[in-house]
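What follows is data.pdb (PDB, C-alpha atoms).
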```
ATOM      1  CA  TYR A   1     101.011  96.402  67.764  1.00  0.00           C
ATOM      2  CA  LYS A   2     104.026  96.000  65.518  1.00  0.00           C
ATOM      3  CA  LYS A   3     105.566  93.066  63.711  1.00  0.00           C
ATOM      4  CA  THR A   4     108.781  91.677  65.162  1.00  0.00           C
ATOM      5  CA  GLY A   5     109.983  88.697  63.172  1.00  0.00           C
ATOM      6  CA  ASN A   6     106.902  86.555  62.679  1.00  0.00           C
ATOM      7  CA  LYS A   7     105.100  87.851  65.806  1.00  0.00           C
ATOM      8  CA  LEU A   8     102.870  90.777  66.607  1.00  0.00           C
ATOM      9  CA  VAL A   9     104.024  92.514  69.771  1.00  0.00           C
ATOM     10  CA  ILE A  10     102.777  95.542  71.664  1.00  0.00           C
ATOM     11  CA  ASP A  11     104.294  98.790  70.415  1.00  0.00           C
ATOM     12  CA  TYR A  12     105.092 100.500  73.720  1.00  0.00           C
ATOM     13  CA  SER A  13     105.624 103.982  72.320  1.00  0.00           C
ATOM     14  CA  ALA A  14     102.501 103.831  70.145  1.00  0.00           C
ATOM     15  CA  THR A  15     100.444 102.798  73.183  1.00  0.00           C
ATOM     16  CA  VAL A  16     101.753 105.726  75.235  1.00  0.00           C
ATOM     17  CA  ASN A  17     101.313 108.176  72.352  1.00  0.00           C
ATOM     18  CA  TYR A  18      97.707 107.097  71.889  1.00  0.00           C
ATOM     19  CA  TYR A  19      96.631 107.365  75.552  1.00  0.00           C
ATOM     20  CA  ARG A  20      98.852 110.024  77.110  1.00  0.00           C
ATOM     21  CA  ALA A  21      96.666 113.034  76.231  1.00  0.00           C
ATOM     22  CA  ALA A  22      93.733 111.449  78.091  1.00  0.00           C
ATOM     23  CA  LEU A  23      95.864 111.308  81.255  1.00  0.00           C
ATOM     24  CA  LYS A  24      97.212 114.865  81.248  1.00  0.00           C
ATOM     25  CA  ASN A  25      94.616 115.982  83.812  1.00  0.00           C
ATOM     26  CA  ILE A  26      95.992 113.448  86.301  1.00  0.00           C
ATOM     27  CA  SER A  27      99.539 114.691  85.687  1.00  0.00           C
ATOM     28  CA  ASP A  28      98.424 118.301  86.129  1.00  0.00           C
ATOM     29  CA  TYR A  29      96.578 117.435  89.357  1.00  0.00           C
ATOM     30  CA  LEU A  30      99.637 115.684  90.812  1.00  0.00           C
ATOM     31  CA  ILE A  31     101.854 118.672  89.934  1.00  0.00           C
ATOM     32  CA  ARG A  32      99.377 121.105  91.549  1.00  0.00           C
ATOM     33  CA  TYR A  33      99.312 118.905  94.656  1.00  0.00           C
ATOM     34  CA  LEU A  34     103.112 118.908  94.885  1.00  0.00           C
ATOM     35  CA  LYS A  35     103.295 122.688  94.412  1.00  0.00           C
ATOM     36  CA  LYS A  36     100.682 123.209  97.116  1.00  0.00           C
ATOM     37  CA  LYS A  37     102.830 121.090  99.479  1.00  0.00           C
ATOM     38  CA  GLY A  38     106.014 122.966  98.438  1.00  0.00           C
ATOM     39  CA  LYS A  39     107.601 119.727  97.174  1.00  0.00           C
ATOM     40  CA  ASP A  40     107.693 120.078  93.401  1.00  0.00           C
ATOM     41  CA  THR A  41     111.062 118.671  92.379  1.00  0.00           C
ATOM     42  CA  ARG A  42     111.726 116.318  89.490  1.00  0.00           C
ATOM     43  CA  ARG A  43     112.204 113.454  91.935  1.00  0.00           C
ATOM     44  CA  ASP A  44     108.967 114.357  93.771  1.00  0.00           C
ATOM     45  CA  ARG A  45     107.116 114.199  90.449  1.00  0.00           C
ATOM     46  CA  ILE A  46     108.519 110.769  89.640  1.00  0.00           C
ATOM     47  CA  GLU A  47     107.755 109.429  93.104  1.00  0.00           C
ATOM     48  CA  ILE A  48     104.171 110.732  93.298  1.00  0.00           C
ATOM     49  CA  ALA A  49     103.381 109.313  89.841  1.00  0.00           C
ATOM     50  CA  MET A  50     104.855 105.976  90.977  1.00  0.00           C
ATOM     51  CA  LYS A  51     102.783 105.985  94.171  1.00  0.00           C
ATOM     52  CA  PHE A  52      99.615 106.874  92.271  1.00  0.00           C
ATOM     53  CA  VAL A  53     100.049 103.798  90.058  1.00  0.00           C
ATOM     54  CA  GLN A  54     101.444 101.522  92.799  1.00  0.00           C
ATOM     55  CA  ASP A  55      98.284 102.083  94.837  1.00  0.00           C
ATOM     56  CA  ILE A  56      96.226 100.497  92.068  1.00  0.00           C
ATOM     57  CA  PRO A  57      96.041  96.764  92.862  1.00  0.00           C
ATOM     58  CA  TYR A  58      97.953  94.255  90.762  1.00  0.00           C
ATOM     59  CA  GLY A  59      95.797  91.834  88.801  1.00  0.00           C
ATOM     60  CA  LEU A  60      95.978  89.985  85.516  1.00  0.00           C
ATOM     61  CA  PRO A  61      93.695  90.969  82.640  1.00  0.00           C
ATOM     62  CA  TYR A  62      91.198  88.247  81.850  1.00  0.00           C
ATOM     63  CA  GLU A  63      89.765  87.311  78.488  1.00  0.00           C
ATOM     64  CA  TYR A  64      86.134  86.302  78.493  1.00  0.00           C
ATOM     65  CA  LYS A  65      86.471  83.705  75.719  1.00  0.00           C
ATOM     66  CA  THR A  66      88.710  81.324  77.671  1.00  0.00           C
ATOM     67  CA  GLU A  67      88.087  78.848  80.449  1.00  0.00           C
ATOM     68  CA  LYS A  68      87.204  79.834  84.004  1.00  0.00           C
ATOM     69  CA  SER A  69      90.102  80.167  86.422  1.00  0.00           C
ATOM     70  CA  LYS A  70      90.119  78.816  89.970  1.00  0.00           C
ATOM     71  CA  TYR A  71      89.896  82.458  91.168  1.00  0.00           C
ATOM     72  CA  GLY A  72      86.418  82.962  89.735  1.00  0.00           C
ATOM     73  CA  GLY A  73      87.436  85.082  86.758  1.00  0.00           C
ATOM     74  CA  TYR A  74      88.506  83.836  83.402  1.00  0.00           C
ATOM     75  CA  LYS A  75      91.859  82.366  82.523  1.00  0.00           C
ATOM     76  CA  TYR A  76      94.656  84.824  81.760  1.00  0.00           C
ATOM     77  CA  ASP A  77      95.258  85.014  78.026  1.00  0.00           C
ATOM     78  CA  ASP A  78      98.357  87.230  77.665  1.00  0.00           C
ATOM     79  CA  GLY A  79      96.217  90.353  77.676  1.00  0.00           C
ATOM     80  CA  VAL A  80      97.052  93.886  78.589  1.00  0.00           C
ATOM     81  CA  TYR A  81      94.712  96.652  79.682  1.00  0.00           C
ATOM     82  CA  SER A  82      94.998 100.109  78.236  1.00  0.00           C
ATOM     83  CA  PRO A  83      95.889 102.850  80.736  1.00  0.00           C
ATOM     84  CA  LEU A  84      92.249 103.954  80.822  1.00  0.00           C
ATOM     85  CA  GLU A  85      91.032 100.399  81.458  1.00  0.00           C
ATOM     86  CA  VAL A  86      93.353 100.174  84.477  1.00  0.00           C
ATOM     87  CA  LEU A  87      91.612 103.212  85.951  1.00  0.00           C
ATOM     88  CA  ILE A  88      88.134 101.923  85.107  1.00  0.00           C
ATOM     89  CA  LYS A  89      88.693  98.332  86.269  1.00  0.00           C
ATOM     90  CA  GLY A  90      90.757  99.366  89.290  1.00  0.00           C
ATOM     91  CA  TYR A  91      93.627  96.921  88.704  1.00  0.00           C
ATOM     92  CA  GLY A  92      96.246  95.942  86.143  1.00  0.00           C
ATOM     93  CA  ASP A  93      99.305  93.812  85.509  1.00  0.00           C
ATOM     94  CA  CYS A  94     102.884  95.001  85.037  1.00  0.00           C
ATOM     95  CA  ASP A  95     102.407  95.964  81.362  1.00  0.00           C
ATOM     96  CA  SER A  96      99.158  97.775  82.006  1.00  0.00           C
ATOM     97  CA  LYS A  97     100.425  99.665  85.063  1.00  0.00           C
ATOM     98  CA  THR A  98     103.703 100.564  83.346  1.00  0.00           C
ATOM     99  CA  PHE A  99     101.819 102.099  80.412  1.00  0.00           C
ATOM    100  CA  LEU A 100      99.641 104.109  82.817  1.00  0.00           C
ATOM    101  CA  PHE A 101     102.685 105.336  84.739  1.00  0.00           C
ATOM    102  CA  VAL A 102     104.607 106.341  81.620  1.00  0.00           C
ATOM    103  CA  CYS A 103     101.573 108.160  80.177  1.00  0.00           C
ATOM    104  CA  ILE A 104     101.226 110.209  83.372  1.00  0.00           C
ATOM    105  CA  LEU A 105     104.942 110.795  83.913  1.00  0.00           C
ATOM    106  CA  SER A 106     105.526 111.834  80.299  1.00  0.00           C
ATOM    107  CA  HIS A 107     103.684 115.093  81.106  1.00  0.00           C
ATOM    108  CA  MET A 108     105.617 115.652  84.340  1.00  0.00           C
ATOM    109  CA  ILE A 109     109.234 115.279  83.202  1.00  0.00           C
ATOM    110  CA  ASN A 110     111.026 115.253  79.855  1.00  0.00           C
ATOM    111  CA  PRO A 111     109.696 112.115  78.116  1.00  0.00           C
ATOM    112  CA  ASP A 112     113.114 111.598  76.511  1.00  0.00           C
ATOM    113  CA  ASP A 113     114.314 110.597  80.006  1.00  0.00           C
ATOM    114  CA  ILE A 114     111.974 107.564  80.156  1.00  0.00           C
ATOM    115  CA  ILE A 115     112.696 104.073  78.810  1.00  0.00           C
ATOM    116  CA  PHE A 116     110.997 100.701  79.036  1.00  0.00           C
ATOM    117  CA  VAL A 117     112.825  97.722  80.543  1.00  0.00           C
ATOM    118  CA  LYS A 118     111.438  94.413  79.279  1.00  0.00           C
ATOM    119  CA  GLY A 119     112.463  91.277  81.136  1.00  0.00           C
ATOM    120  CA  ASP A 120     111.628  87.628  80.543  1.00  0.00           C
ATOM    121  CA  GLN A 121     108.256  87.806  82.335  1.00  0.00           C
ATOM    122  CA  HIS A 122     108.119  91.423  83.493  1.00  0.00           C
ATOM    123  CA  ILE A 123     108.145  94.995  82.225  1.00  0.00           C
ATOM    124  CA  LEU A 124     108.820  98.234  84.015  1.00  0.00           C
ATOM    125  CA  SER A 125     110.209 101.643  83.207  1.00  0.00           C
ATOM    126  CA  ALA A 126     113.344 103.511  84.151  1.00  0.00           C
ATOM    127  CA  VAL A 127     114.163 107.206  84.295  1.00  0.00           C
ATOM    128  CA  THR A 128     117.412 109.123  84.071  1.00  0.00           C
ATOM    129  CA  ALA A 129     118.304 110.832  87.303  1.00  0.00           C
ATOM    130  CA  THR A 130     120.096 114.134  87.519  1.00  0.00           C
ATOM    131  CA  LYS A 131     121.138 113.406  91.127  1.00  0.00           C
ATOM    132  CA  LYS A 132     122.333 110.194  92.724  1.00  0.00           C
ATOM    133  CA  ILE A 133     119.671 108.382  94.738  1.00  0.00           C
ATOM    134  CA  ALA A 134     121.018 107.087  98.044  1.00  0.00           C
ATOM    135  CA  GLY A 135     120.681 103.292  98.029  1.00  0.00           C
ATOM    136  CA  GLY A 136     119.142 103.344  94.566  1.00  0.00           C
ATOM    137  CA  LYS A 137     120.124 100.871  91.884  1.00  0.00           C
ATOM    138  CA  TYR A 138     120.930 102.247  88.483  1.00  0.00           C
ATOM    139  CA  PHE A 139     122.318 101.008  85.211  1.00  0.00           C
ATOM    140  CA  ASN A 140     124.213 102.833  82.493  1.00  0.00           C
ATOM    141  CA  GLU A 141     122.884 103.091  78.972  1.00  0.00           C
ATOM    142  CA  ARG A 142     124.385 105.366  76.329  1.00  0.00           C
ATOM    143  CA  GLY A 143     126.213 107.444  78.906  1.00  0.00           C
ATOM    144  CA  LYS A 144     123.179 108.005  81.138  1.00  0.00           C
ATOM    145  CA  LYS A 145     122.313 106.556  84.530  1.00  0.00           C
ATOM    146  CA  TYR A 146     118.818 105.076  84.669  1.00  0.00           C
ATOM    147  CA  TYR A 147     116.959 104.304  87.871  1.00  0.00           C
ATOM    148  CA  ILE A 148     114.176 101.711  88.028  1.00  0.00           C
ATOM    149  CA  CYS A 149     110.524 102.764  88.439  1.00  0.00           C
ATOM    150  CA  GLU A 150     108.728  99.642  89.661  1.00  0.00           C
ATOM    151  CA  THR A 151     104.985 100.280  89.645  1.00  0.00           C
ATOM    152  CA  ALA A 152     103.591  96.730  89.580  1.00  0.00           C
ATOM    153  CA  GLY A 153     104.724  95.587  93.023  1.00  0.00           C
ATOM    154  CA  PRO A 154     104.804  93.682  95.219  1.00  0.00           C
ATOM    155  CA  GLY A 155     104.685  96.400  97.813  1.00  0.00           C
ATOM    156  CA  ARG A 156     105.515  99.984  97.066  1.00  0.00           C
ATOM    157  CA  PRO A 157     109.207 100.048  96.075  1.00  0.00           C
ATOM    158  CA  LEU A 158     110.849 103.453  96.089  1.00  0.00           C
ATOM    159  CA  PHE A 159     112.273 105.149  93.020  1.00  0.00           C
ATOM    160  CA  GLY A 160     115.464 103.278  92.163  1.00  0.00           C
ATOM    161  CA  LYS A 161     114.434 100.042  93.913  1.00  0.00           C
ATOM    162  CA  ARG A 162     113.383  96.861  92.176  1.00  0.00           C
ATOM    163  CA  SER A 163     111.198  94.260  93.860  1.00  0.00           C
ATOM    164  CA  THR A 164     111.243  91.531  91.215  1.00  0.00           C
ATOM    165  CA  SER A 165     113.829  89.798  89.054  1.00  0.00           C
ATOM    166  CA  LEU A 166     113.911  90.664  85.373  1.00  0.00           C
ATOM    167  CA  GLY A 167     116.108  87.822  84.108  1.00  0.00           C
ATOM    168  CA  SER A 168     117.623  88.874  80.811  1.00  0.00           C
ATOM    169  CA  ALA A 169     116.255  92.248  79.799  1.00  0.00           C
ATOM    170  CA  TYR A 170     116.316  94.630  76.889  1.00  0.00           C
ATOM    171  CA  LEU A 171     115.680  98.353  76.781  1.00  0.00           C
ATOM    172  CA  GLN A 172     113.259 100.195  74.562  1.00  0.00           C
ATOM    173  CA  PRO A 173     113.249 103.985  74.423  1.00  0.00           C
ATOM    174  CA  LEU A 174     110.029 105.954  74.635  1.00  0.00           C
ATOM    175  CA  GLU A 175     109.387 107.878  71.439  1.00  0.00           C
ATOM    176  CA  ILE A 176     106.812 110.638  71.818  1.00  0.00           C
ATOM    177  CA  LYS A 177     105.306 111.942  68.589  1.00  0.00           C
TER     178      LYS A 177
END
```
Represent the structure contained in this file as structure tokens.
Amino acid sequence: YKKTGNKLVIDYSATVNYYRAALKNISDYLIRYLKKKGKDTRRDRIEIAMKFVQDIPYGLPYEYKTEKSKYGGYKYDDGVYSPLEVLIKGYGDCDSKTFLFVCILSHMINPDDIIFVKGDQHILSAVTATKKIAGGKYFNERGKKYYICETAGPGRPLFGKRSTSLGSAYLQPLEIK
């Protein structure tokens, strides 16, 4: 966490830096799989990492010290699972799944090409693209085109497609140490 004004907020880069080494084996496996299939391009790497995370069900982290929810678990308390918890529990919310995706992808492409996009009630990541993506939506930031990587759902949006509204959003670069 880091202090922003009078609040403690999740430090996105610190989270990725802490967990990314533990996820290198997954990145390496996905790269080996792509090479075996003869489809190891930068875009293929982004898309397979997205699909890996998209196939993990969406679900809100629950805190066990709050009241029971109508769904049988405990009431959501603004939690976030670490990337490893997402794999262990088998589900995660947008924050949790975005951290997992970025940790994996940061071994597959240049991590300087990845940023976080934080909306009013949603977070996702975006990646610079060296080639235009047909039908893909991008935005310009500091002279680069960034394409959305939506890993939370709903569905399985393709690289460059967004399935949810962000409202007003701000960008946060990924800083790997």
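Selecting by distance to (104.6, 104.2, 83.7) with a limit of 8 Å and using all atoms listed in the file, one obtains Met50, Val53, Lys97, Thr98, Phe99, Leu100, Phe101, Val102, Cys103, Ile104, Leu105, Leu124, Ser125, Cys149 and Thr151 of chain A.
Here the PyMOL selection byres ((chain A and resi 8-10) around 12) matches the residues Tyr1, Lys2, Lys3, Thr4, Gly5, Asn6, Lys7, Asp11, Tyr12, Ser13, Ala14, Thr15, Val16, Asp78, Gly79, Val80, Tyr81, Ser82, Asp95, Ser96, Phe99, Lys118, Ile123 and Gln172 of chain A.
Between atom CA of A:Gly155 and atom CA of A:Leu84 the interatomic distance comes to 22.4 Å.
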**OP:** Counting all atoms listed in the file, figure out which residue out of A:Tyr138, A:Tyr91, A:Phe52, A:Tyr33 gets nearest to A:Arg156.
**Re:** A:Phe52
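Here atom CA of A:Lys177 stands at a distance of 26.0 Å from atom CA of A:Ala152.
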Determine the residue set returned by the PyMOL selection byres ((chain A and resi 110) around 12) for the present structure, and present it as a tab-separated table (two decimals) with C-alpha atoms, keeping the file's coordinate frame.
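This is the output file expr-v1.tsv:
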```tsv
chain	number	residue	atom	x	y	z
A	42	ARG	CA	111.73	116.32	89.49
A	45	ARG	CA	107.12	114.20	90.45
A	46	ILE	CA	108.52	110.77	89.64
A	102	VAL	CA	104.61	106.34	81.62
A	103	CYS	CA	101.57	108.16	80.18
A	104	ILE	CA	101.23	110.21	83.37
A	105	LEU	CA	104.94	110.80	83.91
A	106	SER	CA	105.53	111.83	80.30
A	107	HIS	CA	103.68	115.09	81.11
A	108	MET	CA	105.62	115.65	84.34
A	109	ILE	CA	109.23	115.28	83.20
A	111	PRO	CA	109.70	112.12	78.12
A	112	ASP	CA	113.11	111.60	76.51
A	113	ASP	CA	114.31	110.60	80.01
A	114	ILE	CA	111.97	107.56	80.16
A	115	ILE	CA	112.70	104.07	78.81
A	127	VAL	CA	114.16	107.21	84.30
A	128	THR	CA	117.41	109.12	84.07
A	129	ALA	CA	118.30	110.83	87.30
A	130	THR	CA	120.10	114.13	87.52
A	174	LEU	CA	110.03	105.95	74.64
A	175	GLU	CA	109.39	107.88	71.44
A	176	ILE	CA	106.81	110.64	71.82
```
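Across the model, the gap from atom CA of A:Tyr170 to atom CA of A:Leu60 is 22.6 Å.
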**OP:** List the residues sitting within 12 Å of (121.1, 110.1, 94.5) in the file's frame, using only C-alpha atoms, as a PyMOL selection string.
**Re:** chain A and resi 43+128-138+145-147+159-160
Listed atoms of stretch 103-117 of chain A boxed axis-aligned with 5 Å per side, centre + edges as lines of an AutoDock Vina configuration file:
```
center_x = 107.8
center_y = 106.7
center_z = 80.4
size_x = 23.1
size_y = 27.9
size_z = 17.8
```
With a distance cut-off of 8 Å and only C-alpha atoms, select the neighbouring residues of A:Leu158, excluding the residue or stretch itself and same-chain residues fewer than 3 positions from it, and output the selection as a PDB file with C-alpha atoms, in the coordinates of the input.
```pdb
ATOM      1  CA  GLU A  47     107.755 109.429  93.104  1.00  0.00           C
ATOM      2  CA  CYS A 149     110.524 102.764  88.439  1.00  0.00           C
ATOM      3  CA  GLU A 150     108.728  99.642  89.661  1.00  0.00           C
ATOM      4  CA  LYS A 161     114.434 100.042  93.913  1.00  0.00           C
TER       5      LYS A 161
END
```
